[in-house]
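**Q** Next up is a structure, given as structure tokens.
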Amino acid sequence: MTRPQILPYGRQTLDQADIDAVIAVLRGDWLTTGPMVTQFEAALCQHGGSQFAVAIANGTAALHAMYAVAGLGPGDEIIVPAITFVATANAALYVGATPIFADVDPETLLIDPHSIQKQITPRTRAIIAVDYAGQPCDYKALRAIADQHGLLLLADACHSLGGHVQGQAVGSLADMTALSFHPVKHITTAEGGAILTDDPQKADALRRFRSHGLSRTAAERAEAGTWRYEMVELGYNYRLTDMACALGLSQIQKLPQFIERRRQLAAYYHKRLAEIPAIRPLQHKEAGHAWHLFVVRLPHRDRAWSSLIADNIGVNVHYLPVHLHHYYQTRFQTGLGLCPVAEQAYTEILSLPLFPSMTESDQDDVIESLQKFMRTYT
Ligand SMILES: *Cc1c(COP(=O)(O)O)cnc(C)c1O
């Protein structure tokens with residue numbers, strides 16, 4: 001069995017309404033910051049259970065803005081999980097802070113509260129919860145540690161938009177929450193991201209950070225009848241376009257059905273994988289799992305990757321632990337032994353294709369390719 005084309009591990013799901021929404025913006029007056037930004041932000045608040053949402057250029061910019069507005073800077077330590085996308089840690093470096101790596105739970109690969117406790121020093125300022133694969137972290141435990149030590153609890157929820165913990169939406173569980181709308185994520189704006197918060201001052205600061213640190217946007221100046229604006233702090237051009245926000249607004253209407261479809265696909269993988277005991281899916285504890293990734297652990301991972309790729313099954317590895325990247329090893333003297341659970345898991349994990357428009361028959365191809373691999377190598 002070789003598929004004629006690669007089955008990717010993730011991809012966007014777009015329909016005619018999405019395309020029409022973008023074209024309507026192209027025919028209108030505002031290409032960048034306009035009415036679609038505000039409407040998309042309102043929809044994000046609804047789905048994320050937050051008072052405010054600030055749309056921004058991408059998920060990495062969302063993390064940068066979130067750390068900056070949280071007041072994190074030189075001399076501060078930020079605790080991040082070892083298993084995450086590099087951007088979670090890199091954004092700490094953008095603001096001059098130091099990322100400190102915590103190990104992960106061996107069953108879920110979510111940040112391990114015990115490991116966080118061990119990494120806390122007088123310089124620690126924040127804990128970053130990463131809802132790896134779409135499963136919300138143990139926010140109760142993380143909040144307890146944060147409160148006990150006077151730390152901020154921030155979320156990198158780039159995997160978990162649409163997820164929840166006992167009915168509380170991802171987006172309402174941390175002091176601020178960063179999102180990404182990259183095409184492999186739950187909804188897309190091509191490039192795009194957002195920060196959610198309940199704090200009006202933080203929301204204002206995030207808006208200034210997004211646009212050069214200016215006290216008024218072009219639209220606000222027009223409304224106030226003045227040309228006058230002032231730069232009150234150092235900001236960036238991290239704005240998201242009206243075209244992108246129109247796409248996001250159209251996409252977010254479908255978020256609940258996208259999540260439901262991902263749940264169905266995950267359930268079918270679980271059912272089929274029960275036939276192959278040597279391949280173990282990660283544990284899922286939370287009913288509010290948003291299923292961004294379907295991650296399994298299996299023997300001979302590198303060979304498995306090559307074997308499935310040869311069958312045109314687009315498997316992937318999420319992630320090389322951040323502290324093992326060359327840059328971190330050379331600049332921060334991190335290396336093997338720092339987070340042993342993450343390091344062991346890394347040698348065994350493989351992400352199987354998962355996106356709303358894939359079919360059960362696509363999944364059968366994935367299982368068949370895994371079975372073939374297991375017959376050959378074990
Ligand atoms: C995708 C992602 C990011 C970065 O988002 P971009 O929009 O690609 O900049 C950050 N953290 C995690 C965990 C991600 O999955």
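Chains: A, B, ... in order of the structure tokens. Residues: from 1 per chain. Ligands: from 1, in order shown.
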What lies within 12 Å of A:Arg331 using only C-alpha atoms, ignoring chain neighbours under 6 positions off, as a ChimeraX atom specification?
**A** /A:93,98-99,323-325
**Q** Name all residues at most 7 Å from stretch 342-355 of chain A (count only C-alpha atoms; drop same-chain ones fewer than 2 positions away) and give them as a count of residues only.
**A** 30
**Q** Please check which protein, DNA or RNA residues sit within 9 Å of ligand 1, counting only C-alpha atoms and all ligand atoms, and write them as a ChimeraX atom specification.
**A** /A:57-63,83-89,130-133,156-159,178-185,190-193,292
**Q** Write the residues of the selection above to a file with C-alpha atoms, as an mmCIF file, in the first residue's frame.
**A**
```cif
data_model
loop_
_atom_site.group_PDB
_atom_site.id
_atom_site.type_symbol
_atom_site.label_atom_id
_atom_site.label_comp_id
_atom_site.auth_asym_id
_atom_site.auth_seq_id
_atom_site.Cartn_x
_atom_site.Cartn_y
_atom_site.Cartn_z
ATOM 1 C CA ALA A 57 0.843 38.560 13.662
ATOM 2 C CA ASN A 58 1.491 34.926 14.695
ATOM 3 C CA GLY A 59 1.704 32.629 17.715
ATOM 4 C CA THR A 60 5.350 33.472 18.351
ATOM 5 C CA ALA A 61 4.514 37.203 18.424
ATOM 6 C CA ALA A 62 1.680 36.334 20.835
ATOM 7 C CA LEU A 63 4.206 34.711 23.195
ATOM 8 C CA ILE A 83 8.768 19.247 25.323
ATOM 9 C CA THR A 84 7.273 22.122 23.361
ATOM 10 C CA PHE A 85 7.841 24.064 20.163
ATOM 11 C CA VAL A 86 11.017 26.176 20.427
ATOM 12 C CA ALA A 87 9.025 29.426 20.297
ATOM 13 C CA THR A 88 7.782 28.949 23.901
ATOM 14 C CA ALA A 89 11.371 29.265 25.142
ATOM 15 C CA VAL A 130 1.825 24.245 27.306
ATOM 16 C CA ASP A 131 -1.262 22.161 26.511
ATOM 17 C CA TYR A 132 0.783 19.630 24.564
ATOM 18 C CA ALA A 133 -1.088 17.800 21.774
ATOM 19 C CA ASP A 156 0.895 28.613 25.505
ATOM 20 C CA ALA A 157 -2.382 27.204 24.212
ATOM 21 C CA CYS A 158 -1.275 27.005 20.573
ATOM 22 C CA HIS A 159 -2.383 23.315 20.634
ATOM 23 C CA ALA A 178 -1.259 32.732 23.707
ATOM 24 C CA LEU A 179 -2.808 31.183 20.576
ATOM 25 C CA SER A 180 -1.588 30.396 17.043
ATOM 26 C CA PHE A 181 -3.602 30.206 13.822
ATOM 27 C CA HIS A 182 -0.955 28.514 11.687
ATOM 28 C CA PRO A 183 -2.566 26.174 9.099
ATOM 29 C CA VAL A 184 -1.925 22.991 11.133
ATOM 30 C CA LYS A 185 -3.676 24.411 14.225
ATOM 31 C CA ALA A 190 -2.537 31.545 7.385
ATOM 32 C CA GLU A 191 -0.130 33.273 9.788
ATOM 33 C CA GLY A 192 -1.791 34.625 12.921
ATOM 34 C CA GLY A 193 -2.123 34.492 16.670
ATOM 35 C CA HIS A 292 -4.275 18.927 17.988
#
```
**Q** Determine, counting only C-alpha atoms, which protein, DNA and RNA residues have an atom within 12 Å of an atom of A:Ile252; residues of the same chain fewer than 6 positions away are not included. Present the result as a VMD selection string.
**A** chain A and resid 13 to 14 17 to 18 39 to 48 161 to 162 181 185 to 189 245 to 246 258 to 259
**Q** Quick one: of A:Arg27, A:Ala169, A:Asp175, A:Glu360, who's nearest to A:Arg143, counting only C-alpha atoms?
**A**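 Closest candidate: A:Asp175.
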**Q** Counting only C-alpha atoms, figure out which residue out of A:Leu142, A:Val22, A:Val95, A:Ala70 gets nearest to A:Pro113.
**A**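 The shortest atom-to-atom distance to A:Pro113 comes from A:Leu142.
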**Q** As a VMD selection string, please: every residue in stretch 93-318 of chain A that a backbone DSSP assignment puts in strand (DSSP E).
**A** chain A and resid 98 to 102 124 to 130 152 to 156 164 to 165 168 to 169 176 to 180 193 to 197 280 to 281 294 to 297
**Q** Take the residues from that selection and put them in a file with N, CA, C and O atoms, as a short mmCIF file (atom, residue, chain, number, x, y, z; two decimals), in the first residue's frame.
**A**
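Heads up, here's the output in result.cif:
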```cif
data_model
loop_
_atom_site.label_atom_id
_atom_site.label_comp_id
_atom_site.auth_asym_id
_atom_site.auth_seq_id
_atom_site.Cartn_x
_atom_site.Cartn_y
_atom_site.Cartn_z
N THR A 98 15.37 34.36 31.08
CA THR A 98 16.03 33.05 30.93
C THR A 98 15.00 31.94 31.01
O THR A 98 14.30 31.83 32.03
N PRO A 99 14.89 31.10 29.97
CA PRO A 99 13.99 29.95 30.08
C PRO A 99 14.64 28.85 30.92
O PRO A 99 15.82 28.54 30.73
N ILE A 100 13.89 28.29 31.85
CA ILE A 100 14.36 27.20 32.70
C ILE A 100 13.47 25.99 32.36
O ILE A 100 12.23 26.12 32.35
N PHE A 101 14.10 24.85 32.09
CA PHE A 101 13.34 23.72 31.57
C PHE A 101 12.87 22.79 32.68
O PHE A 101 13.66 22.30 33.48
N ALA A 102 11.56 22.53 32.71
CA ALA A 102 10.98 21.56 33.63
C ALA A 102 10.71 20.28 32.86
O ALA A 102 10.43 20.31 31.65
N THR A 124 12.65 33.19 39.85
CA THR A 124 11.51 32.69 39.05
C THR A 124 10.37 33.70 39.07
O THR A 124 10.00 34.20 40.14
N ARG A 125 9.82 33.99 37.89
CA ARG A 125 8.71 34.94 37.80
C ARG A 125 7.44 34.33 37.21
O ARG A 125 6.35 34.81 37.46
N ALA A 126 7.58 33.31 36.37
CA ALA A 126 6.39 32.80 35.67
C ALA A 126 6.53 31.32 35.34
O ALA A 126 7.63 30.81 35.15
N ILE A 127 5.37 30.66 35.28
CA ILE A 127 5.27 29.27 34.80
C ILE A 127 4.49 29.32 33.48
O ILE A 127 3.45 29.97 33.41
N ILE A 128 5.02 28.62 32.46
CA ILE A 128 4.30 28.57 31.19
C ILE A 128 3.69 27.18 31.02
O ILE A 128 4.40 26.17 30.93
N ALA A 129 2.36 27.14 30.99
CA ALA A 129 1.64 25.89 30.75
C ALA A 129 1.52 25.70 29.24
O ALA A 129 1.04 26.59 28.54
N VAL A 130 1.99 24.57 28.73
CA VAL A 130 1.82 24.24 27.31
C VAL A 130 0.88 23.05 27.22
O VAL A 130 1.20 21.98 27.75
N LEU A 152 3.48 34.31 38.06
CA LEU A 152 2.44 34.39 37.03
C LEU A 152 2.24 33.00 36.43
O LEU A 152 3.21 32.24 36.30
N LEU A 153 1.00 32.71 36.07
CA LEU A 153 0.71 31.48 35.32
C LEU A 153 0.25 31.91 33.93
O LEU A 153 -0.80 32.53 33.77
N LEU A 154 1.08 31.62 32.93
CA LEU A 154 0.80 31.98 31.54
C LEU A 154 0.61 30.71 30.73
O LEU A 154 1.22 29.68 31.06
N ALA A 155 -0.23 30.77 29.69
CA ALA A 155 -0.49 29.56 28.90
C ALA A 155 -0.05 29.75 27.46
O ALA A 155 -0.36 30.76 26.83
N ASP A 156 0.69 28.75 26.94
CA ASP A 156 0.90 28.61 25.51
C ASP A 156 -0.13 27.58 25.07
O ASP A 156 0.07 26.37 25.23
N HIS A 164 -11.15 22.42 27.01
CA HIS A 164 -11.64 22.94 28.29
C HIS A 164 -11.24 22.02 29.43
O HIS A 164 -10.87 20.86 29.21
N VAL A 165 -11.33 22.55 30.65
CA VAL A 165 -11.15 21.75 31.86
C VAL A 165 -12.45 21.87 32.64
O VAL A 165 -12.79 22.95 33.12
N GLN A 168 -14.51 24.75 31.79
CA GLN A 168 -13.85 26.06 31.72
C GLN A 168 -12.94 26.09 30.51
O GLN A 168 -12.01 25.28 30.39
N ALA A 169 -13.20 27.04 29.61
CA ALA A 169 -12.51 27.06 28.32
C ALA A 169 -11.03 27.35 28.49
O ALA A 169 -10.63 28.17 29.33
N MET A 176 -2.70 35.01 31.26
CA MET A 176 -2.81 35.36 29.84
C MET A 176 -2.58 34.07 29.06
O MET A 176 -1.89 33.17 29.54
N THR A 177 -3.16 34.01 27.86
CA THR A 177 -3.09 32.79 27.06
C THR A 177 -2.72 33.15 25.62
O THR A 177 -3.35 34.02 25.02
N ALA A 178 -1.70 32.48 25.09
CA ALA A 178 -1.26 32.73 23.71
C ALA A 178 -1.80 31.66 22.77
O ALA A 178 -1.82 30.47 23.12
N LEU A 179 -2.25 32.09 21.59
CA LEU A 179 -2.81 31.18 20.58
C LEU A 179 -2.08 31.36 19.25
O LEU A 179 -1.53 32.44 18.98
N SER A 180 -2.13 30.33 18.41
CA SER A 180 -1.59 30.40 17.04
C SER A 180 -2.66 29.95 16.05
O SER A 180 -3.42 29.03 16.35
N GLY A 193 -2.11 34.91 15.28
CA GLY A 193 -2.12 34.49 16.67
C GLY A 193 -2.97 35.46 17.48
O GLY A 193 -3.55 36.41 16.93
N ALA A 194 -3.06 35.22 18.78
CA ALA A 194 -3.82 36.11 19.66
C ALA A 194 -3.39 35.88 21.09
O ALA A 194 -2.81 34.83 21.41
N ILE A 195 -3.67 36.87 21.93
CA ILE A 195 -3.49 36.73 23.37
C ILE A 195 -4.85 36.99 24.01
O ILE A 195 -5.53 37.96 23.66
N LEU A 196 -5.24 36.12 24.95
CA LEU A 196 -6.49 36.27 25.69
C LEU A 196 -6.17 36.65 27.12
O LEU A 196 -5.22 36.13 27.71
N THR A 197 -6.99 37.54 27.69
CA THR A 197 -6.81 37.93 29.10
C THR A 197 -8.11 38.54 29.63
O THR A 197 -8.96 38.98 28.86
N ARG A 280 1.72 2.51 21.78
CA ARG A 280 0.88 3.03 22.86
C ARG A 280 0.60 4.52 22.67
O ARG A 280 1.53 5.33 22.68
N PRO A 281 -0.68 4.89 22.53
CA PRO A 281 -1.01 6.33 22.48
C PRO A 281 -0.70 6.97 23.83
O PRO A 281 -0.71 6.29 24.85
N PHE A 294 -2.10 13.57 17.44
CA PHE A 294 -2.29 12.21 17.96
C PHE A 294 -0.91 11.58 18.05
O PHE A 294 -0.31 11.22 17.04
N VAL A 295 -0.40 11.48 19.29
CA VAL A 295 0.98 11.05 19.52
C VAL A 295 0.99 9.63 20.08
O VAL A 295 0.27 9.33 21.02
N VAL A 296 1.79 8.77 19.45
CA VAL A 296 1.98 7.41 19.99
C VAL A 296 3.44 7.23 20.38
O VAL A 296 4.32 7.96 19.93
N ARG A 297 3.68 6.24 21.25
CA ARG A 297 5.06 5.82 21.57
C ARG A 297 5.24 4.44 20.99
O ARG A 297 4.35 3.59 21.10
#
```
**Q** With only C-alpha atoms as the counted atoms, please give the residues lying no more than 10 Å from A:Ala203, apart from itself and same-chain residues fewer than 4 positions off, as JSON, numbers by chain.
**A** {"A": [51, 52, 53, 54, 66, 69, 176, 195, 196, 197, 198, 199, 207, 208, 209]}
**Q** As an exercise, work out the distance from atom CA of A:Asp242 to atom CA of A:Ser211 in Å and give it to one decimal place.
**A**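 Rounded to one decimal, the two atoms are 14.6 Å apart.
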**Q** Can you tell me, as a PyMOL selection string, what residues are no more than 7 Å from stretch 29-35 of chain A when counting only C-alpha atoms, ignoring any on the same chain fewer than 2 positions away?
**A** chain A and resi 25-26+37-39+240-243
**Q** Between atom CA of A:Trp291 and atom CA of A:Ser306, what is the distance, to one decimal in Å?
**A**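 Straight-line distance from atom CA of A:Trp291 to atom CA of A:Ser306 works out to 24.2 Å.
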**Q** So what do you get for atom CA of A:Gly73 versus atom CA of A:Ala97, distance-wise?
**A**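 So the two atoms, atom CA of A:Gly73 and atom CA of A:Ala97, lie 4.7 Å apart.
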**Q** Fewer than 4 positions away in the same chain doesn't count, so skip those; otherwise give me all residues within 7 Å of stretch 221-236 of chain A, counting only C-alpha atoms, as a PyMOL selection string.
**A** chain A and resi 208-217
**Q** Next, write the just-selected residues to a file, as an mmCIF file, in the first residue's frame, keeping N, CA and C atoms as the atom set.
**A**
```
data_model
loop_
_atom_site.group_PDB
_atom_site.id
_atom_site.type_symbol
_atom_site.label_atom_id
_atom_site.label_comp_id
_atom_site.auth_asym_id
_atom_site.auth_seq_id
_atom_site.Cartn_x
_atom_site.Cartn_y
_atom_site.Cartn_z
ATOM 1 N N ARG A 208 -0.916 48.135 22.358
ATOM 2 C CA ARG A 208 0.197 49.060 22.086
ATOM 3 C C ARG A 208 1.433 48.301 21.604
ATOM 4 N N PHE A 209 1.707 47.178 22.244
ATOM 5 C CA PHE A 209 2.872 46.367 21.866
ATOM 6 C C PHE A 209 2.767 45.938 20.401
ATOM 7 N N ARG A 210 1.530 45.653 19.969
ATOM 8 C CA ARG A 210 1.261 45.184 18.608
ATOM 9 C C ARG A 210 1.521 46.269 17.578
ATOM 10 N N SER A 211 1.409 47.535 17.991
ATOM 11 C CA SER A 211 1.504 48.615 17.011
ATOM 12 C C SER A 211 2.410 49.743 17.508
ATOM 13 N N HIS A 212 3.711 49.455 17.567
ATOM 14 C CA HIS A 212 4.753 50.473 17.783
ATOM 15 C C HIS A 212 4.687 51.183 19.133
ATOM 16 N N GLY A 213 3.899 50.674 20.071
ATOM 17 C CA GLY A 213 3.812 51.351 21.369
ATOM 18 C C GLY A 213 3.077 52.677 21.287
ATOM 19 N N LEU A 214 2.211 52.823 20.257
ATOM 20 C CA LEU A 214 1.501 54.096 20.062
ATOM 21 C C LEU A 214 0.264 54.172 20.952
ATOM 22 N N SER A 215 -0.015 55.391 21.411
ATOM 23 C CA SER A 215 -1.137 55.584 22.321
ATOM 24 C C SER A 215 -2.487 55.508 21.609
ATOM 25 N N ARG A 216 -2.535 55.769 20.303
ATOM 26 C CA ARG A 216 -3.806 55.703 19.564
ATOM 27 C C ARG A 216 -3.595 55.029 18.218
ATOM 28 N N THR A 217 -4.560 54.214 17.801
ATOM 29 C CA THR A 217 -4.495 53.626 16.463
ATOM 30 C C THR A 217 -5.035 54.635 15.454
#
```
**Q** Can you list, as a PyMOL selection string, all residues belonging to stretch 13-211 of chain A that DSSP tags as alpha helix (DSSP H)?
**A** chain A and resi 16-26+35-48+59-69+86-94+113-119+139-149+200-210
**Q** Can you work out which one of A:Glu77, A:Glu368, A:Asp138, A:Asp15 has the shortest atom-to-atom distance to A:Lys285, counting only C-alpha atoms?
**A**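 Selected residue with least distance to A:Lys285: A:Asp138.
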